[in-house]
>>> print(open('model-v2.csv').read())   # CSV, C-alpha atoms
chain,number,residue,atom,x,y,z
A,41,MET,CA,10.6,-11.9,-24.5
A,42,LEU,CA,10.9,-8.8,-26.6
A,43,LYS,CA,12.1,-5.5,-25.0
A,44,LYS,CA,8.6,-4.0,-25.3
A,45,GLU,CA,7.1,-7.0,-23.5
A,46,ARG,CA,9.7,-6.7,-20.8
A,47,HIS,CA,9.0,-3.0,-20.4
A,48,ASP,CA,5.2,-3.6,-20.2
A,49,PHE,CA,5.8,-6.3,-17.6
A,50,VAL,CA,8.0,-4.0,-15.5
A,51,MET,CA,5.5,-1.2,-15.6
A,52,ARG,CA,2.7,-3.5,-14.5
A,53,GLN,CA,4.8,-4.6,-11.5
A,54,ILE,CA,5.5,-0.9,-10.8
A,55,ASN,CA,1.8,0.0,-11.0
A,56,LEU,CA,0.7,-2.9,-8.8
A,57,HIS,CA,3.4,-2.7,-6.1
A,58,ASN,CA,4.7,0.9,-6.4
A,59,ARG,CA,8.3,-0.4,-6.6
A,60,VAL,CA,10.4,-3.2,-8.1
A,61,LEU,CA,13.7,-4.7,-7.3
A,62,ASN,CA,16.3,-5.6,-9.9
A,63,SER,CA,16.8,-9.0,-8.3
A,64,ASP,CA,13.1,-9.8,-8.5
A,65,LEU,CA,12.9,-8.8,-12.1
A,66,VAL,CA,15.9,-10.9,-13.0
A,67,GLN,CA,14.2,-14.0,-11.6
A,68,LEU,CA,10.7,-13.2,-13.0
A,69,LEU,CA,11.9,-12.4,-16.5
A,70,ASN,CA,14.9,-14.8,-16.6
A,71,VAL,CA,17.2,-12.2,-18.0
A,72,SER,CA,20.6,-10.8,-16.9
A,73,GLU,CA,20.9,-8.0,-14.3
A,74,ASP,CA,22.5,-5.8,-17.0
A,75,THR,CA,19.4,-6.2,-19.2
A,76,ILE,CA,17.2,-5.1,-16.3
A,77,ARG,CA,19.4,-2.1,-15.6
A,78,ARG,CA,19.2,-1.0,-19.2
A,79,ASP,CA,15.4,-1.5,-19.3
A,80,LEU,CA,15.0,0.5,-16.1
A,81,GLN,CA,17.3,3.2,-17.4
A,82,GLU,CA,15.3,3.5,-20.6
A,83,LEU,CA,12.0,3.7,-18.8
A,84,ALA,CA,13.4,6.3,-16.4
A,85,GLU,CA,14.6,8.4,-19.4
A,86,ASN,CA,11.1,8.2,-20.9
A,87,GLY,CA,9.6,9.5,-17.6
A,88,GLN,CA,7.7,6.3,-16.8
A,89,LEU,CA,9.4,5.5,-13.5
A,90,SER,CA,12.0,6.7,-11.0
A,91,LYS,CA,15.2,4.7,-11.0
A,92,VAL,CA,16.8,4.1,-7.5
A,93,HIS,CA,19.6,2.0,-6.2
A,94,GLY,CA,18.7,-1.6,-6.7
A,95,GLY,CA,15.4,-1.0,-8.4
A,96,ALA,CA,12.8,1.6,-9.4
A,97,LEU,CA,9.8,3.4,-8.0
A,98,SER,CA,6.4,4.5,-9.4
A,99,LYS,CA,6.4,8.2,-10.5
A,100,SER,CA,3.1,8.7,-8.8
A,101,TYR,CA,4.4,7.3,-5.6
A,102,GLN,CA,7.3,9.7,-5.7
A,103,SER,CA,5.0,12.7,-6.4
A,104,SER,CA,2.3,12.3,-3.7
A,105,PHE,CA,1.1,15.9,-4.1
A,106,ASP,CA,0.4,15.4,-7.8
A,107,ASP,CA,-2.1,12.6,-8.3
A,108,SER,CA,-2.5,13.0,-12.0
A,109,ASP,CA,-0.4,9.9,-12.6
A,110,VAL,CA,-1.8,7.7,-9.8
A,111,TYR,CA,-2.4,4.2,-11.1
A,112,ALA,CA,-6.1,3.0,-11.0
A,113,LYS,CA,-7.2,6.4,-9.6
A,114,ASP,CA,-10.9,5.8,-10.0
A,115,ALA,CA,-10.7,2.5,-8.2
A,116,LYS,CA,-8.8,4.1,-5.3
A,117,VAL,CA,-11.4,6.9,-5.0
A,118,CYS,CA,-14.1,4.2,-4.8
A,119,ILE,CA,-12.1,2.3,-2.1
A,120,ALA,CA,-11.5,5.5,-0.1
A,121,LYS,CA,-15.2,6.4,-0.1
A,122,LYS,CA,-16.1,2.9,1.1
A,123,THR,CA,-13.5,3.1,3.8
A,124,THR,CA,-14.9,6.3,5.3
A,125,SER,CA,-17.9,4.3,6.5
A,126,LEU,CA,-15.6,2.6,9.0
A,127,ILE,CA,-14.4,5.8,10.6
A,128,LYS,CA,-16.6,7.3,13.3
A,129,ASP,CA,-16.4,10.4,15.6
A,130,GLY,CA,-14.2,9.8,18.6
A,131,MET,CA,-12.2,7.0,17.0
A,132,VAL,CA,-8.4,6.6,17.2
A,133,VAL,CA,-7.2,5.5,13.7
A,134,LEU,CA,-3.7,4.3,12.7
A,135,THR,CA,-2.7,4.5,9.1
A,136,GLY,CA,0.1,3.4,6.8
A,137,GLY,CA,1.0,5.2,3.6
A,138,GLY,CA,0.5,4.8,-0.1
A,139,THR,CA,-1.7,6.2,-2.7
A,140,SER,CA,-4.9,4.5,-1.5
A,141,ILE,CA,-4.5,5.9,2.1
A,142,ILE,CA,-3.6,9.3,0.7
A,143,GLU,CA,-6.8,9.3,-1.3
A,144,LEU,CA,-8.7,8.3,1.9
A,145,ALA,CA,-7.4,11.4,3.6
A,146,LYS,CA,-9.1,13.4,0.8
A,147,GLN,CA,-12.5,11.7,1.2
A,148,LEU,CA,-13.2,12.0,4.9
A,149,PRO,CA,-16.3,13.9,6.2
A,150,GLU,CA,-15.5,17.6,6.7
A,151,ASN,CA,-16.7,17.6,10.3
A,152,LEU,CA,-15.1,14.3,11.4
A,153,ASN,CA,-13.9,14.5,15.0
A,154,ALA,CA,-11.2,11.8,15.4
A,155,THR,CA,-7.5,11.2,16.2
A,156,PHE,CA,-5.2,9.8,13.5
A,157,PHE,CA,-1.8,8.3,14.1
A,158,THR,CA,0.2,7.8,10.8
A,159,VAL,CA,3.7,6.8,9.7
A,160,SER,CA,3.2,8.7,6.4
A,161,PRO,CA,4.1,12.4,6.2
A,162,PHE,CA,2.0,12.7,3.1
A,163,VAL,CA,-1.0,11.3,4.9
A,164,ALA,CA,-0.4,13.6,7.8
A,165,ILE,CA,-0.4,16.6,5.5
A,166,GLY,CA,-3.6,15.4,3.8
A,167,LEU,CA,-5.4,15.0,7.2
A,168,ALA,CA,-4.2,18.5,8.4
A,169,LYS,CA,-7.1,20.2,6.5
A,170,TYR,CA,-9.7,18.8,8.9
A,171,ALA,CA,-10.4,21.2,11.7
A,172,LYS,CA,-11.5,18.5,14.2
A,173,VAL,CA,-9.0,15.8,13.4
A,174,GLU,CA,-5.9,15.6,15.6
A,175,VAL,CA,-3.0,14.3,13.5
A,176,ILE,CA,0.0,12.6,15.1
A,177,LEU,CA,2.9,11.7,12.9
A,178,ILE,CA,5.0,8.9,14.2
A,179,GLY,CA,8.7,9.8,13.7
A,180,GLY,CA,11.7,7.6,13.0
A,181,LEU,CA,13.8,6.5,10.1
A,182,PHE,CA,12.3,7.5,6.7
A,183,SER,CA,12.0,4.9,3.9
A,184,LYS,CA,12.7,6.6,0.6
A,185,ASN,CA,11.1,3.6,-1.2
A,186,SER,CA,7.9,3.2,0.8
A,187,GLN,CA,7.8,6.9,2.0
A,188,VAL,CA,6.9,6.0,5.6
A,189,THR,CA,8.7,6.1,8.8
A,190,TYR,CA,10.0,2.8,10.2
A,191,GLY,CA,12.5,1.1,12.5
A,192,GLY,CA,12.8,0.3,16.2
A,193,HIS,CA,11.9,3.8,17.4
A,194,VAL,CA,8.7,3.7,15.4
A,195,ILE,CA,7.8,0.2,16.6
A,196,ASN,CA,8.4,1.3,20.2
A,197,GLN,CA,5.9,4.2,19.8
A,198,LEU,CA,3.4,1.9,18.1
A,199,SER,CA,3.5,-0.4,21.2
A,200,GLU,CA,2.1,2.4,23.3
A,201,ILE,CA,-0.9,3.0,21.0
A,202,ASN,CA,-4.3,1.2,21.3
A,203,ALA,CA,-6.1,2.3,18.1
A,204,ASP,CA,-9.6,1.4,17.3
A,205,LEU,CA,-8.8,0.8,13.7
A,206,CYS,CA,-5.7,0.3,11.6
A,207,LEU,CA,-5.9,1.1,7.8
A,208,LEU,CA,-3.2,-0.2,5.4
A,209,GLY,CA,-2.7,-0.3,1.7
A,210,THR,CA,-1.1,-3.4,0.3
A,211,SER,CA,1.2,-4.8,-2.4
A,212,ALA,CA,-0.5,-8.2,-2.4
A,213,ILE,CA,-3.2,-10.3,-0.8
A,214,HIS,CA,-3.9,-14.0,-1.3
A,215,PRO,CA,-6.6,-16.3,0.0
A,216,GLN,CA,-4.2,-18.8,1.5
A,217,ASN,CA,-1.1,-16.7,2.2
A,218,GLY,CA,-2.9,-13.6,3.4
A,219,LEU,CA,-1.2,-10.2,3.4
A,220,THR,CA,2.4,-10.2,2.1
A,221,ASP,CA,5.2,-7.8,1.2
A,222,THR,CA,8.7,-7.7,0.0
A,223,ASP,CA,10.5,-5.4,2.4
A,224,TRP,CA,11.6,-6.8,5.8
A,225,GLU,CA,11.5,-3.5,7.7
A,226,ILE,CA,8.2,-2.5,6.3
A,227,ASN,CA,6.9,-6.0,7.0
A,228,GLN,CA,7.8,-5.6,10.7
A,229,LEU,CA,6.3,-2.1,10.7
A,230,LYS,CA,2.9,-3.5,9.4
A,231,LYS,CA,2.9,-6.3,12.0
A,232,ALA,CA,3.5,-3.8,14.8
A,233,MET,CA,0.6,-1.7,13.4
A,234,PHE,CA,-1.7,-4.7,13.5
A,235,ASN,CA,-0.7,-5.4,17.1
A,236,SER,CA,-1.5,-1.8,18.1
A,237,SER,CA,-5.1,-1.9,16.8
A,238,LYS,CA,-8.3,-3.5,17.8
A,239,LYS,CA,-9.4,-4.0,14.2
A,240,ALA,CA,-7.6,-3.8,10.8
A,241,GLY,CA,-8.8,-2.9,7.3
A,242,ILE,CA,-6.9,-3.5,4.1
A,243,LEU,CA,-7.4,-1.1,1.1
A,244,CYS,CA,-6.7,-3.1,-2.1
A,245,ILE,CA,-7.4,-2.6,-5.8
A,246,SER,CA,-8.7,-5.8,-7.3
A,247,GLU,CA,-5.6,-6.3,-9.5
A,248,LYS,CA,-3.6,-7.0,-6.2
A,249,LEU,CA,-5.9,-9.9,-5.3
A,250,ASP,CA,-4.5,-13.4,-5.5
A,251,ILE,CA,-0.9,-12.3,-5.4
A,252,SER,CA,1.6,-13.6,-2.9
A,253,LEU,CA,5.0,-12.0,-2.2
A,254,ARG,CA,7.9,-13.2,-0.1
A,255,LEU,CA,7.2,-12.0,3.4
A,256,LYS,CA,4.0,-12.6,5.4
A,257,VAL,CA,2.3,-9.8,7.3
A,258,ALA,CA,-0.9,-11.3,8.4
A,259,SER,CA,-3.4,-14.2,7.7
A,260,LEU,CA,-6.8,-13.4,6.4
A,261,GLU,CA,-8.2,-14.4,9.8
A,262,ASN,CA,-6.3,-11.4,11.4
A,263,ILE,CA,-7.9,-8.9,9.0
A,264,ASP,CA,-11.3,-7.5,9.8
A,265,TYR,CA,-12.1,-5.5,6.6
A,266,LEU,CA,-11.1,-6.0,3.0
A,267,ILE,CA,-12.1,-2.9,0.9
A,268,THR,CA,-11.9,-3.1,-2.9
A,269,GLU,CA,-13.5,-1.3,-5.7
A,270,LEU,CA,-15.5,-4.4,-6.6
A,271,ASP,CA,-19.1,-5.1,-5.5
A,272,PRO,CA,-18.8,-7.0,-2.2
A,273,GLN,CA,-20.8,-9.9,-3.8
A,274,SER,CA,-18.4,-10.2,-6.8
A,275,PRO,CA,-17.3,-13.8,-7.5
A,276,GLU,CA,-13.7,-12.5,-7.6
A,277,LEU,CA,-13.9,-12.2,-3.8
A,278,ASN,CA,-15.4,-15.6,-3.1
A,279,ALA,CA,-12.1,-17.0,-1.9
A,280,TYR,CA,-11.8,-14.2,0.7
A,281,ARG,CA,-15.1,-15.0,2.4
A,282,VAL,CA,-13.8,-16.2,5.8
A,283,LYS,CA,-15.8,-15.9,8.9
A,284,THR,CA,-13.9,-13.0,10.5
A,285,LEU,CA,-13.5,-10.9,7.4
A,286,GLN,CA,-16.0,-8.3,6.3
A,287,ILE,CA,-15.8,-7.4,2.6
A,288,LEU,CA,-16.8,-3.8,1.6
>>> encode(input="model-v2.csv", output="C-alpha cells")
Amino acid sequence: MLKKERHDFVMRQINLHNRVLNSDLVQLLNVSEDTIRRDLQELAENGQLSKVHGGALSKSYQSSFDDSDVYAKDAKVCIAKKTTSLIKDGMVVLTGGGTSIIELAKQLPENLNATFFTVSPFVAIGLAKYAKVEVILIGGLFSKNSQVTYGGHVINQLSEINADLCLLGTSAIHPQNGLTDTDWEINQLKKAMFNSSKKAGILCISEKLDISLRLKVASLENIDYLITELDPQSPELNAYRVKTLQIL
C-alpha cells in the first residue's frame, strides 16, 4: 500500500471513530509500528489529526467549541434534529459525549423544560444556554481521548440515576454484534449508562453502520432507538429492523 493510501485509510478511521490506536493500525495495514508512527507524525504536522501517546485523535474532537472541521457535519445536524423528537418536557435525559451529542445540544427547543445528566463537559456547556434545562455534570476521571468522565466514581453516581432516556453516540454498530467500542473503561461507562435508563437511543451516521469493534456494549435488542441521517425506510437499515428497535 502506498503512503498516500495509508494516510487516506488512517484519516477515514479517524473520521469514523474520532481516534485510532497504533496497535490497531499495525494490524489493519500490516505494516510496522515505526511506519505507523511516521505516518501519524506527518499527518499531525499537516494539521490533519492530533497525535497522542499510542495513537491519534480527530482535530474536530479535540476542538469541540469549533465545529468547522466536524466530520459529516450535515449528517450530524440531521440526526440531532430527529433526536429532539424523543425529548419531552419533564424528562430526565442521560447523555454521553461526542460530536453528534454536542450537535444535539444545539438543536433542542428553546423552551424545553427537562433535566440532563451528562458525562461530557462540552455537552454540559452546550446545554447551559437553555433557561429551563437543569444540567448535572457527572464528575470523575477525565478521558483525554474520549473527552468524557469515567471510572468507578462515575459508575457509582450513574447507579443512583433512573433516567427516562439515554442518548449515546457510537464508534460502530452491527446487526449481529450490536453496539461495540474499543476502550475498556468507556465500554463499562456506556454499559452503566444503559443500566441507568429506561430507554436508550443511539446517534449514528450511516458510515458507522455494519462495523464491529472489539468490545461489546449492547445488543440491538437492548437499544430502543437508532437515529441516522438516512430515511427510516432505507434498504441500508433493513438488517436493523428488529422488533424492539425503532429507527428514526
>>> atom_distance(input="model-v2.csv", atom1="CA of Pro272 (chain A)", atom2="CA of Ser140 (chain A)")
18.1 Å
>>> residues_near_point(input="model-v2.csv", point="(-1.6, 4.6, 17.2)", cutoff="6 Å", atoms="only C-alpha atoms", output="PyMOL selection string")
chain A and resi 134+157+198+201-203
>>> closest_residue(input="model-v2.csv", among="A:Ser236, A:Asn58, A:Gln187, A:Gln88", to="Ala112 (chain A)", atoms="all atoms listed in the file")
A:Asn58
>>> residues_around(input="model-v2.csv", residues="Ala240 (chain A)", least_positions_apart="3", cutoff="7 Å", atoms="all atoms listed in the file", output="PyMOL selection string")
chain A and resi 205-207+234+237+263-265
>>> write_last_selection(input="model-v2.csv", atoms="C-alpha atoms", output="short mmCIF file (atom, residue, chain, number, x, y, z; two decimals), in the frame of the given file")
data_model
loop_
_atom_site.label_atom_id
_atom_site.label_comp_id
_atom_site.auth_asym_id
_atom_site.auth_seq_id
_atom_site.Cartn_x
_atom_site.Cartn_y
_atom_site.Cartn_z
CA LEU A 205 -8.80 0.80 13.70
CA CYS A 206 -5.70 0.30 11.60
CA LEU A 207 -5.90 1.10 7.80
CA PHE A 234 -1.70 -4.70 13.50
CA SER A 237 -5.10 -1.90 16.80
CA ILE A 263 -7.90 -8.90 9.00
CA ASP A 264 -11.30 -7.50 9.80
CA TYR A 265 -12.10 -5.50 6.60
#
>>> residues_around(input="model-v2.csv", residues="region 61-78 of chain A", least_positions_apart="4", cutoff="7 Å", atoms="all atoms listed in the file", output="list in words")
Glu82, Gly94, Gly95 and Ala96 of chain A
>>> build_atoms(input="model-v2.csv", residues="region 129-148 of chain A", atoms="N, CA, C and O atoms", output="tab-separated table (two decimals), in the frame of the given file")
chain	number	residue	atom	x	y	z
A	129	ASP	N	-16.84	9.33	14.60
A	129	ASP	CA	-16.40	10.40	15.60
A	129	ASP	C	-15.86	9.70	16.83
A	129	ASP	O	-16.43	8.72	17.33
A	130	GLY	N	-14.78	10.25	17.35
A	130	GLY	CA	-14.20	9.80	18.60
A	130	GLY	C	-13.22	8.63	18.44
A	130	GLY	O	-12.59	8.22	19.41
A	131	MET	N	-13.06	8.11	17.24
A	131	MET	CA	-12.20	7.00	17.00
A	131	MET	C	-10.71	7.40	17.02
A	131	MET	O	-10.38	8.54	16.69
A	132	VAL	N	-9.84	6.45	17.37
A	132	VAL	CA	-8.40	6.60	17.20
A	132	VAL	C	-8.03	5.67	16.03
A	132	VAL	O	-8.26	4.45	16.08
A	133	VAL	N	-7.49	6.25	14.96
A	133	VAL	CA	-7.20	5.50	13.70
A	133	VAL	C	-5.70	5.55	13.46
A	133	VAL	O	-5.07	6.60	13.59
A	134	LEU	N	-5.17	4.42	13.08
A	134	LEU	CA	-3.70	4.30	12.70
A	134	LEU	C	-3.64	3.96	11.27
A	134	LEU	O	-4.30	3.03	10.79
A	135	THR	N	-2.84	4.71	10.51
A	135	THR	CA	-2.70	4.50	9.10
A	135	THR	C	-1.31	4.28	8.62
A	135	THR	O	-0.37	4.83	9.19
A	136	GLY	N	-1.18	3.51	7.54
A	136	GLY	CA	0.10	3.40	6.80
A	136	GLY	C	0.12	4.51	5.77
A	136	GLY	O	-0.53	5.56	5.90
A	137	GLY	N	0.91	4.27	4.71
A	137	GLY	CA	1.00	5.20	3.60
A	137	GLY	C	0.54	4.63	2.33
A	137	GLY	O	-0.17	3.63	2.31
A	138	GLY	N	0.94	5.26	1.21
A	138	GLY	CA	0.50	4.80	-0.10
A	138	GLY	C	-0.59	5.58	-0.69
A	138	GLY	O	-1.29	6.34	0.01
A	139	THR	N	-0.80	5.40	-1.98
A	139	THR	CA	-1.70	6.20	-2.70
A	139	THR	C	-3.20	6.01	-2.30
A	139	THR	O	-4.00	6.94	-2.34
A	140	SER	N	-3.56	4.79	-1.90
A	140	SER	CA	-4.90	4.50	-1.50
A	140	SER	C	-5.24	5.25	-0.16
A	140	SER	O	-6.33	5.82	0.03
A	141	ILE	N	-4.29	5.23	0.77
A	141	ILE	CA	-4.50	5.90	2.10
A	141	ILE	C	-4.46	7.43	1.87
A	141	ILE	O	-5.22	8.16	2.52
A	142	ILE	N	-3.60	7.91	0.99
A	142	ILE	CA	-3.60	9.30	0.70
A	142	ILE	C	-4.93	9.78	0.12
A	142	ILE	O	-5.46	10.85	0.45
A	143	GLU	N	-5.51	8.95	-0.73
A	143	GLU	CA	-6.80	9.30	-1.30
A	143	GLU	C	-7.89	9.25	-0.18
A	143	GLU	O	-8.80	10.09	-0.17
A	144	LEU	N	-7.78	8.31	0.76
A	144	LEU	CA	-8.70	8.30	1.90
A	144	LEU	C	-8.69	9.59	2.65
A	144	LEU	O	-9.75	10.11	3.05
A	145	ALA	N	-7.50	10.15	2.83
A	145	ALA	CA	-7.40	11.40	3.60
A	145	ALA	C	-8.11	12.56	2.86
A	145	ALA	O	-8.44	13.56	3.50
A	146	LYS	N	-8.39	12.41	1.58
A	146	LYS	CA	-9.10	13.40	0.80
A	146	LYS	C	-10.63	13.27	0.93
A	146	LYS	O	-11.38	14.19	0.63
A	147	GLN	N	-11.07	12.07	1.31
A	147	GLN	CA	-12.50	11.70	1.20
A	147	GLN	C	-13.24	11.73	2.53
A	147	GLN	O	-14.43	11.46	2.57
A	148	LEU	N	-12.57	12.04	3.63
A	148	LEU	CA	-13.20	12.00	4.90
A	148	LEU	C	-14.28	13.09	5.09
A	148	LEU	O	-14.18	14.15	4.45
